[in-house]
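Data from final_26.pdb: PDB, C-alpha atoms
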ATOM      1  CA  MET O  16     329.438 146.960-120.804
ATOM      2  CA  SER O  17     331.940 145.924-123.422
ATOM      3  CA  SER O  18     331.106 145.557-127.113
ATOM      4  CA  SER O  19     331.651 142.294-128.980
ATOM      5  CA  ARG O  20     330.152 140.071-131.625
ATOM      6  CA  ILE O  21     328.345 136.757-131.575
ATOM      7  CA  SER O  22     330.671 133.842-132.295
ATOM      8  CA  ARG O  23     329.800 130.949-134.539
ATOM      9  CA  ALA O  24     329.575 127.757-132.549
ATOM     10  CA  PRO O  25     332.462 125.298-133.096
ATOM     11  CA  VAL O  26     331.843 121.637-133.908
ATOM     12  CA  PRO O  27     332.037 119.734-130.583
ATOM     13  CA  SER O  28     333.499 116.319-129.830
ATOM     14  CA  SER O  29     331.103 113.576-128.711
ATOM     15  CA  THR O  30     332.722 113.556-125.237
ATOM     16  CA  THR O  31     332.109 117.282-124.745
ATOM     17  CA  ARG O  32     328.549 116.960-125.982
ATOM     18  CA  HIS O  33     327.713 114.194-123.507
ATOM     19  CA  SER O  34     329.314 115.803-120.455
ATOM     20  CA  GLN O  35     327.747 119.273-120.896
ATOM     21  CA  THR O  36     324.146 118.482-121.864
ATOM     22  CA  PRO O  37     321.585 119.566-119.220
ATOM     23  CA  GLU O  38     319.114 116.885-118.163
ATOM     24  CA  SER O  39     316.214 119.353-118.197
ATOM     25  CA  VAL O  40     315.688 123.112-118.322
ATOM     26  CA  ASP O  41     313.096 125.692-117.414
ATOM     27  CA  VAL O  42     311.513 127.108-120.578
ATOM     28  CA  LEU O  43     310.637 130.814-120.458
ATOM     29  CA  VAL O  44     307.920 132.161-122.759
ATOM     30  CA  PRO O  45     307.506 135.965-122.485
ATOM     31  CA  THR O  46     303.867 136.291-123.489
ATOM     32  CA  LEU O  47     300.750 137.863-121.997
ATOM     33  CA  LYS O  48     298.576 135.391-123.883
ATOM     34  CA  GLY O  49     297.814 131.901-122.718
ATOM     35  CA  LEU O  50     299.835 129.170-124.379
ATOM     36  CA  LYS O  51     298.070 127.014-126.939
ATOM     37  CA  SER O  52     298.169 123.301-126.301
ATOM     38  CA  ASP O  53     299.849 122.571-129.642
ATOM     39  CA  PHE O  54     302.677 125.001-128.808
ATOM     40  CA  VAL O  55     303.201 123.376-125.397
ATOM     41  CA  GLU O  56     303.211 119.953-127.018
ATOM     42  CA  HIS O  57     305.680 121.172-129.643
ATOM     43  CA  VAL O  58     308.092 122.588-127.046
ATOM     44  CA  ARG O  59     307.950 119.414-124.952
ATOM     45  CA  SER O  60     308.682 117.337-128.057
ATOM     46  CA  ARG O  61     311.839 119.352-128.717
ATOM     47  CA  VAL O  62     313.136 120.247-125.229
ATOM     48  CA  PRO O  63     313.437 118.269-121.952
ATOM     49  CA  VAL O  64     311.234 120.678-119.978
ATOM     50  CA  HIS O  65     311.638 120.986-116.213
ATOM     51  CA  CYS O  66     309.034 123.743-115.923
ATOM     52  CA  LEU O  67     307.338 125.933-118.531
ATOM     53  CA  LEU O  68     307.015 129.533-117.305
ATOM     54  CA  THR O  69     305.079 132.475-118.748
ATOM     55  CA  SER O  70     305.035 136.105-117.639
ATOM     56  CA  SER O  71     302.140 138.478-116.998
ATOM     57  CA  VAL O  72     304.444 141.520-116.988
ATOM     58  CA  PRO O  73     304.026 143.884-120.006
ATOM     59  CA  GLY O  74     307.059 144.855-122.098
ATOM     60  CA  PRO O  75     309.670 142.462-123.518
ATOM     61  CA  ALA O  76     312.528 143.541-121.238
ATOM     62  CA  ARG O  77     310.490 143.490-118.027
ATOM     63  CA  ALA O  78     308.940 140.136-118.955
ATOM     64  CA  ARG O  79     312.327 138.521-119.574
ATOM     65  CA  GLN O  80     313.638 139.985-116.301
ATOM     66  CA  GLU O  81     310.696 138.604-114.331
ATOM     67  CA  LEU O  82     311.064 135.187-115.926
ATOM     68  CA  MET O  83     314.819 134.937-115.309
ATOM     69  CA  GLU O  84     314.222 135.632-111.619
ATOM     70  CA  ARG O  85     312.035 132.499-111.437
ATOM     71  CA  VAL O  86     314.487 130.045-113.004
ATOM     72  CA  ASP O  87     315.228 126.941-110.945
ATOM     73  CA  THR O  88     317.612 125.070-113.263
ATOM     74  CA  ASP O  89     321.302 125.497-114.152
ATOM     75  CA  TRP O  90     320.347 126.278-117.751
ATOM     76  CA  PHE O  91     317.124 127.705-119.161
ATOM     77  CA  ALA O  92     315.691 128.259-122.619
ATOM     78  CA  PHE O  93     313.930 131.328-123.966
ATOM     79  CA  ILE O  94     311.370 130.022-126.474
ATOM     80  CA  ASP O  95     308.995 132.594-127.982
ATOM     81  CA  ASP O  96     305.476 131.498-128.871
ATOM     82  CA  ASP O  97     305.852 132.588-132.509
ATOM     83  CA  VAL O  98     308.698 130.224-133.400
ATOM     84  CA  LYS O  99     308.946 126.582-134.386
ATOM     85  CA  LEU O 100     311.995 124.623-133.330
ATOM     86  CA  ARG O 101     313.398 122.225-135.880
ATOM     87  CA  PRO O 102     313.915 118.576-134.804
ATOM     88  CA  ASP O 103     317.662 119.023-134.243
ATOM     89  CA  TRP O 104     317.346 122.194-132.127
ATOM     90  CA  TRP O 105     318.179 120.632-128.745
ATOM     91  CA  SER O 106     321.047 118.455-129.974
ATOM     92  CA  THR O 107     322.539 121.386-131.908
ATOM     93  CA  VAL O 108     322.454 124.025-129.164
ATOM     94  CA  THR O 109     323.582 121.663-126.395
ATOM     95  CA  GLY O 110     326.221 120.150-128.638
ATOM     96  CA  VAL O 111     328.393 123.273-128.494
ATOM     97  CA  ILE O 112     328.165 124.266-124.836
ATOM     98  CA  GLY O 113     331.267 124.177-122.672
ATOM     99  CA  PRO O 114     332.554 125.668-119.420
ATOM    100  CA  ASP O 115     333.097 129.096-121.006
ATOM    101  CA  VAL O 116     329.783 129.264-122.905
ATOM    102  CA  GLY O 117     327.030 131.371-121.394
ATOM    103  CA  ALA O 118     324.390 131.096-124.126
ATOM    104  CA  VAL O 119     323.736 129.426-127.460
ATOM    105  CA  GLU O 120     321.392 131.158-129.880
ATOM    106  CA  GLY O 121     319.699 129.008-132.498
ATOM    107  CA  LEU O 122     320.120 130.445-135.990
ATOM    108  CA  TRP O 123     316.645 131.239-137.321
ATOM    109  CA  SER O 124     314.833 131.807-140.592
ATOM    110  CA  TYR O 125     311.696 133.576-141.792
ATOM    111  CA  VAL O 126     311.129 130.984-144.508
ATOM    112  CA  ALA O 127     307.921 129.734-142.842
ATOM    113  CA  GLY O 128     306.504 133.135-141.926
ATOM    114  CA  ASP O 129     307.527 135.894-144.334
ATOM    115  CA  LYS O 130     308.695 134.980-147.828
ATOM    116  CA  ARG O 131     309.834 138.505-148.750
ATOM    117  CA  VAL O 132     312.240 138.566-145.775
ATOM    118  CA  ASP O 133     313.610 135.125-146.563
ATOM    119  CA  ASP O 134     313.996 136.012-150.257
ATOM    120  CA  TYR O 135     315.792 139.251-149.404
ATOM    121  CA  ALA O 136     318.131 137.499-146.965
ATOM    122  CA  ARG O 137     319.044 134.930-149.651
ATOM    123  CA  ALA O 138     319.593 137.672-152.214
ATOM    124  CA  MET O 139     321.901 139.615-149.890
ATOM    125  CA  ALA O 140     323.854 136.473-148.998
ATOM    126  CA  ARG O 141     324.399 135.911-152.724
ATOM    127  CA  LEU O 142     325.398 139.554-153.271
ATOM    128  CA  VAL O 143     327.947 139.413-150.450
ATOM    129  CA  LYS O 144     329.429 136.277-151.979
ATOM    130  CA  LEU O 145     329.666 137.872-155.429
ATOM    131  CA  LEU O 146     331.237 141.070-154.092
ATOM    132  CA  GLY O 147     333.458 139.309-151.594
ATOM    133  CA  ARG O 148     332.711 142.064-149.049
ATOM    134  CA  GLU O 149     331.277 141.157-145.656
ATOM    135  CA  SER O 150     330.404 144.826-145.062
ATOM    136  CA  TRP O 151     327.487 144.405-147.470
ATOM    137  CA  LYS O 152     325.751 141.914-145.200
ATOM    138  CA  ASP O 153     322.207 143.033-144.572
ATOM    139  CA  ARG O 154     321.558 141.627-141.121
ATOM    140  CA  ILE O 155     322.387 143.776-138.098
ATOM    141  CA  ASP O 156     324.439 141.642-135.751
ATOM    142  CA  ARG O 157     322.174 141.665-132.711
ATOM    143  CA  ALA O 158     321.201 138.874-130.387
ATOM    144  CA  PHE O 159     317.913 137.003-130.676
ATOM    145  CA  THR O 160     316.600 135.236-127.579
ATOM    146  CA  GLY O 161     313.504 133.746-129.208
ATOM    147  CA  ASP O 162     315.179 130.329-129.247
ATOM    148  CA  THR O 163     318.224 130.596-127.016
ATOM    149  CA  LEU O 164     319.686 128.318-124.334
ATOM    150  CA  VAL O 165     321.198 130.321-121.463
ATOM    151  CA  ARG O 166     323.413 129.395-118.504
ATOM    152  CA  THR O 167     321.696 130.719-115.383
ATOM    153  CA  ASP O 168     324.952 131.812-113.720
ATOM    154  CA  ALA O 169     325.780 133.920-116.795
ATOM    155  CA  VAL O 170     322.828 136.255-116.129
ATOM    156  CA  LYS O 171     323.177 136.334-112.349
ATOM    157  CA  GLY O 172     322.362 139.789-110.984
ATOM    158  CA  ILE O 173     321.021 141.143-114.270
ATOM    159  CA  GLN O 174     318.683 144.131-114.037
ATOM    160  CA  MET O 175     316.988 144.793-117.343
ATOM    161  CA  PRO O 176     316.159 148.406-118.254
ATOM    162  CA  ASN O 177     312.606 148.924-119.491
ATOM    163  CA  ILE O 178     313.508 149.215-123.175
ATOM    164  CA  PRO O 179     311.062 148.372-126.008
ATOM    165  CA  VAL O 180     313.665 146.724-128.280
ATOM    166  CA  TRP O 181     317.226 145.358-128.069
ATOM    167  CA  GLU O 182     316.488 143.589-124.774
ATOM    168  CA  ASP O 183     318.012 140.473-126.353
ATOM    169  CA  GLU O 184     321.223 142.374-127.014
ATOM    170  CA  TYR O 185     321.290 143.694-123.463
ATOM    171  CA  ILE O 186     321.177 140.108-122.167
ATOM    172  CA  ARG O 187     324.034 139.146-124.481
ATOM    173  CA  MET O 188     326.107 142.103-123.271
ATOM    174  CA  TRP O 189     325.516 141.034-119.664
ATOM    175  CA  VAL O 190     326.504 137.422-120.407
ATOM    176  CA  GLU O 191     329.732 138.533-122.064
ATOM    177  CA  GLU O 192     330.491 141.060-119.315
ATOM    178  CA  ASN O 193     330.319 138.114-116.899
ATOM    179  CA  GLY O 194     333.098 136.434-118.869
ATOM    180  CA  TYR O 195     331.057 133.959-120.904
ATOM    181  CA  LYS O 196     330.721 133.438-124.649
ATOM    182  CA  TRP O 197     327.501 133.930-126.588
ATOM    183  CA  LEU O 198     327.406 131.506-129.516
ATOM    184  CA  ARG O 199     325.142 131.176-132.528
ATOM    185  CA  THR O 200     324.630 127.832-134.258
ATOM    186  CA  GLN O 201     326.135 127.245-137.677
ATOM    187  CA  ASN O 202     322.888 125.977-139.208
ATOM    188  CA  VAL O 203     319.262 127.146-139.097
ATOM    189  CA  VAL O 204     317.427 125.323-136.303
ATOM    190  CA  CYS O 205     314.367 127.560-135.810
ATOM    191  CA  ASP O 206     311.660 129.147-137.959
ATOM    192  CA  HIS O 207     309.683 132.324-137.325
ATOM    193  CA  LEU O 208     305.962 131.788-137.902
ATOM    194  CA  ARG O 209     304.992 135.443-138.168
ATOM    195  CA  ARG O 210     305.340 138.297-140.617
ATOM    196  CA  TYR O 211     308.298 140.599-139.992
ATOM    197  CA  ASN O 212     307.119 143.641-138.023
ATOM    198  CA  LEU O 213     308.548 146.885-139.414
ATOM    199  CA  GLY O 214     306.775 148.955-136.743
ATOM    200  CA  PRO O 215     309.633 148.877-134.177
ATOM    201  CA  SER O 216     312.332 149.675-136.774
ATOM    202  CA  TYR O 217     312.550 153.336-135.677
ATOM    203  CA  ASN O 218     313.193 152.262-132.092
ATOM    204  CA  VAL O 219     315.663 149.669-133.340
ATOM    205  CA  GLY O 220     317.683 152.589-134.651
ATOM    206  CA  ARG O 221     317.273 154.758-131.534
ATOM    207  CA  TYR O 222     318.075 152.127-128.960
ATOM    208  CA  GLY O 223     320.757 150.533-131.110
ATOM    209  CA  TYR O 224     322.514 153.894-130.987
ATOM    210  CA  TYR O 225     321.896 154.271-127.237
ATOM    211  CA  LEU O 226     323.472 150.850-126.614
ATOM    212  CA  GLY O 227     326.460 151.689-128.807
ATOM    213  CA  ARG O 228     325.600 148.956-131.347
ATOM    214  CA  LEU O 229     324.681 151.259-134.248
ATOM    215  CA  THR O 230     326.423 154.372-135.546
ATOM    216  CA  LEU O 231     325.293 157.214-137.777
ATOM    217  CA  LYS O 232     328.157 156.523-140.191
ATOM    218  CA  GLY O 233     327.245 152.858-140.419
ATOM    219  CA  GLN O 234     323.589 153.567-141.135
ATOM    220  CA  LEU O 235     324.453 156.213-143.729
ATOM    221  CA  LYS O 236     326.502 153.556-145.479
ATOM    222  CA  ARG O 237     323.564 151.115-145.408
ATOM    223  CA  VAL O 238     321.226 153.739-146.893
ATOM    224  CA  ALA O 239     323.755 154.515-149.642
ATOM    225  CA  GLN O 240     323.900 150.798-150.511
ATOM    226  CA  LEU O 241     320.112 150.504-150.850
ATOM    227  CA  PRO O 242     319.796 151.167-154.627
ATOM    228  CA  VAL O 243     322.236 148.359-155.453
ATOM    229  CA  LYS O 244     320.672 146.006-152.902
ATOM    230  CA  VAL O 245     317.125 146.660-154.097
ATOM    231  CA  LEU O 246     317.955 146.209-157.774
ATOM    232  CA  PHE O 247     319.915 143.021-157.098
ATOM    233  CA  ALA O 248     317.139 141.624-154.900
ATOM    234  CA  LEU O 249     314.568 142.326-157.618
ATOM    235  CA  ALA O 250     316.716 140.646-160.287
ATOM    236  CA  TYR O 251     317.556 137.678-158.028
ATOM    237  CA  THR O 252     314.065 136.994-156.658
ATOM    238  CA  GLY O 253     311.715 138.616-159.167
ATOM    239  CA  ASP O 254     309.719 139.949-156.200
ATOM    240  CA  ILE O 255     309.400 143.731-155.859
ATOM    241  CA  HIS O 256     308.262 143.347-152.237
ATOM    242  CA  THR O 257     311.757 142.284-151.161
ATOM    243  CA  GLY O 258     313.108 145.681-152.167
ATOM    244  CA  SER O 259     310.282 147.742-150.660
ATOM    245  CA  PHE O 260     310.729 145.855-147.385
ATOM    246  CA  ALA O 261     314.460 146.702-147.311
ATOM    247  CA  VAL O 262     313.878 150.388-148.084
ATOM    248  CA  GLU O 263     311.246 150.848-145.388
ATOM    249  CA  LYS O 264     313.290 148.967-142.771
ATOM    250  CA  ASP O 265     316.618 150.699-143.348
ATOM    251  CA  LEU O 266     315.119 154.196-143.649
ATOM    252  CA  LYS O 267     313.208 153.804-140.389
ATOM    253  CA  ILE O 268     316.318 152.525-138.608
ATOM    254  CA  PHE O 269     318.325 155.432-140.025
ATOM    255  CA  LYS O 270     315.746 157.950-138.772
ATOM    256  CA  GLY O 271     315.958 156.413-135.303
ATOM    257  CA  VAL O 272     319.754 156.561-135.263
ATOM    258  CA  LEU O 273     319.687 160.168-136.524
ATOM    259  CA  GLN O 274     317.225 161.175-133.796
ATOM    260  CA  ALA O 275     319.423 159.654-131.075
ATOM    261  CA  TYR O 276     322.518 161.262-132.605
ATOM    262  CA  VAL O 277     320.879 164.705-132.586
ATOM    263  CA  GLN O 278     319.705 164.231-128.994
ATOM    264  CA  ARG O 279     323.203 163.320-127.850
ATOM    265  CA  ASN O 280     324.973 166.156-129.655
ATOM    266  CA  SER O 281     322.439 168.802-128.649
ATOM    267  CA  GLY O 282     322.733 167.872-124.987
ATOM    268  CA  SER O 283     319.056 166.959-124.886
ATOM    269  CA  PRO O 284     317.913 165.474-121.565
ATOM    270  CA  LEU O 285     315.777 163.077-123.638
ATOM    271  CA  TYR O 286     318.972 161.316-124.690
ATOM    272  CA  ARG O 287     319.981 160.578-121.089
ATOM    273  CA  LEU O 288     316.439 159.644-120.074
ATOM    274  CA  SER O 289     316.088 157.238-123.005
ATOM    275  CA  GLN O 290     319.336 155.398-122.384
ATOM    276  CA  PRO O 291     319.078 151.990-120.701
TER     277      PRO O 291
END
Spit out the file's structure as structure tokens when you get a sec.
Amino acid sequence: MSSSRISRAPVPSSTTRHSQTPESVDVLVPTLKGLKSDFVEHVRSRVPVHCLLTSSVPGPARARQELMERVDTDWFAFIDDDVKLRPDWWSTVTGVIGPDVGAVEGLWSYVAGDKRVDDYARAMARLVKLLGRESWKDRIDRAFTGDTLVRTDAVKGIQMPNIPVWEDEYIRMWVEENGYKWLRTQNVVCDHLRRYNLGPSYNVGRYGYYLGRLTLKGQLKRVAQLPVKVLFALAYTGDIHTGSFAVEKDLKIFKGVLQAYVQRNSGSPLYRLSQP
């Protein structure tokens, strides 16, 4: 599959917005837990729900695959049970769809769930602005399907590999391979309600390398930038936890990328077996 980047959604005209908006959509929630009544009520208050579907299949990739096979509407929405949609979510994501758009990802924030992550993201945004260098951006450009509207035809025929991370990115790659655009909203329309999980960071590095989204050179550069980023984050936020979070995350991702790099260059069968 070809490599590309998420596009920022353009501002639509009122005519386009009216003609493209789905009347209702299936909402897919990849969770093994039962849905709480307040979450169901929240989703229904934000989205015109045709049917709300959950999956009993373990693993994020397999769960999303199983759910997509059950969709009965022209568009569907992935809504994870650990997010909160802001009031303008539906109008924002539907406001930018067009005939060539396959998915619209709602820009999200950790402001409601993990202050250290939100503080670090703000610090890095400020640092990038001061330096005038986009290469210093902290966030890895990978898709997030936790609050994403998807055109059903854009994922037709998809067969998800059983990968523990990056399943969102695999879906984006499939959408774009089918000739559609994957957009991200200009403004934040969704909040994470959980603490950032650093546990999968090693696999983020491994599978990011397997998918061709991360490189050893790129991660070496990120590690080399850490001292400046940590010191700036501490000065900007006054919170030492922002820096420790960044160090742990980037070092784990680097170790994962390095492991995959060694596997590939040593001809290890583990590299081929681990690829999606």
Problem - Ground truth for the PyMOL selection byres ((chain O and resi 165-168) around 8), written as an MDAnalysis selection string - result: chainID O and resid 86 88:93 116:119 163:164 169:171
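The smallest atom-to-atom distance between Ile268 in chain O and any of O:Gln201, O:Gly220, O:Trp189, O:Leu229, using only C-alpha atoms, is found for O:Gly220.
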Practice task
Evaluate the PyMOL selection byres ((chain O and resi 77) around 12) and record the selected residues as a PyMOL selection string, following the chain and residue labels used in the document.
Solution key: chain O and resi 45-47+70-76+78-84+173-180+182-183+186
Could you please take those selected residues and save C-alpha atoms as a PDB file, in the frame of the given file?
ATOM      1  CA  PRO O  45     307.506 135.965-122.485  1.00  0.00           C
ATOM      2  CA  THR O  46     303.867 136.291-123.489  1.00  0.00           C
ATOM      3  CA  LEU O  47     300.750 137.863-121.997  1.00  0.00           C
ATOM      4  CA  SER O  70     305.035 136.105-117.639  1.00  0.00           C
ATOM      5  CA  SER O  71     302.140 138.478-116.998  1.00  0.00           C
ATOM      6  CA  VAL O  72     304.444 141.520-116.988  1.00  0.00           C
ATOM      7  CA  PRO O  73     304.026 143.884-120.006  1.00  0.00           C
ATOM      8  CA  GLY O  74     307.059 144.855-122.098  1.00  0.00           C
ATOM      9  CA  PRO O  75     309.670 142.462-123.518  1.00  0.00           C
ATOM     10  CA  ALA O  76     312.528 143.541-121.238  1.00  0.00           C
ATOM     11  CA  ALA O  78     308.940 140.136-118.955  1.00  0.00           C
ATOM     12  CA  ARG O  79     312.327 138.521-119.574  1.00  0.00           C
ATOM     13  CA  GLN O  80     313.638 139.985-116.301  1.00  0.00           C
ATOM     14  CA  GLU O  81     310.696 138.604-114.331  1.00  0.00           C
ATOM     15  CA  LEU O  82     311.064 135.187-115.926  1.00  0.00           C
ATOM     16  CA  MET O  83     314.819 134.937-115.309  1.00  0.00           C
ATOM     17  CA  GLU O  84     314.222 135.632-111.619  1.00  0.00           C
ATOM     18  CA  ILE O 173     321.021 141.143-114.270  1.00  0.00           C
ATOM     19  CA  GLN O 174     318.683 144.131-114.037  1.00  0.00           C
ATOM     20  CA  MET O 175     316.988 144.793-117.343  1.00  0.00           C
ATOM     21  CA  PRO O 176     316.159 148.406-118.254  1.00  0.00           C
ATOM     22  CA  ASN O 177     312.606 148.924-119.491  1.00  0.00           C
ATOM     23  CA  ILE O 178     313.508 149.215-123.175  1.00  0.00           C
ATOM     24  CA  PRO O 179     311.062 148.372-126.008  1.00  0.00           C
ATOM     25  CA  VAL O 180     313.665 146.724-128.280  1.00  0.00           C
ATOM     26  CA  GLU O 182     316.488 143.589-124.774  1.00  0.00           C
ATOM     27  CA  ASP O 183     318.012 140.473-126.353  1.00  0.00           C
ATOM     28  CA  ILE O 186     321.177 140.108-122.167  1.00  0.00           C
TER      29      ILE O 186
END
Exercise for the section: Could you check which of O:Gly194, O:Pro37, O:Gly128, O:Pro215 is closest to Trp181 in chain O, using all atoms listed in the file? Expected result: O:Pro215
Practice task
Kindly resolve the PyMOL selection byres ((chain O and resi 161) around 10) on the present coordinates and return the residues as a count of residues only.
Solution key: 23
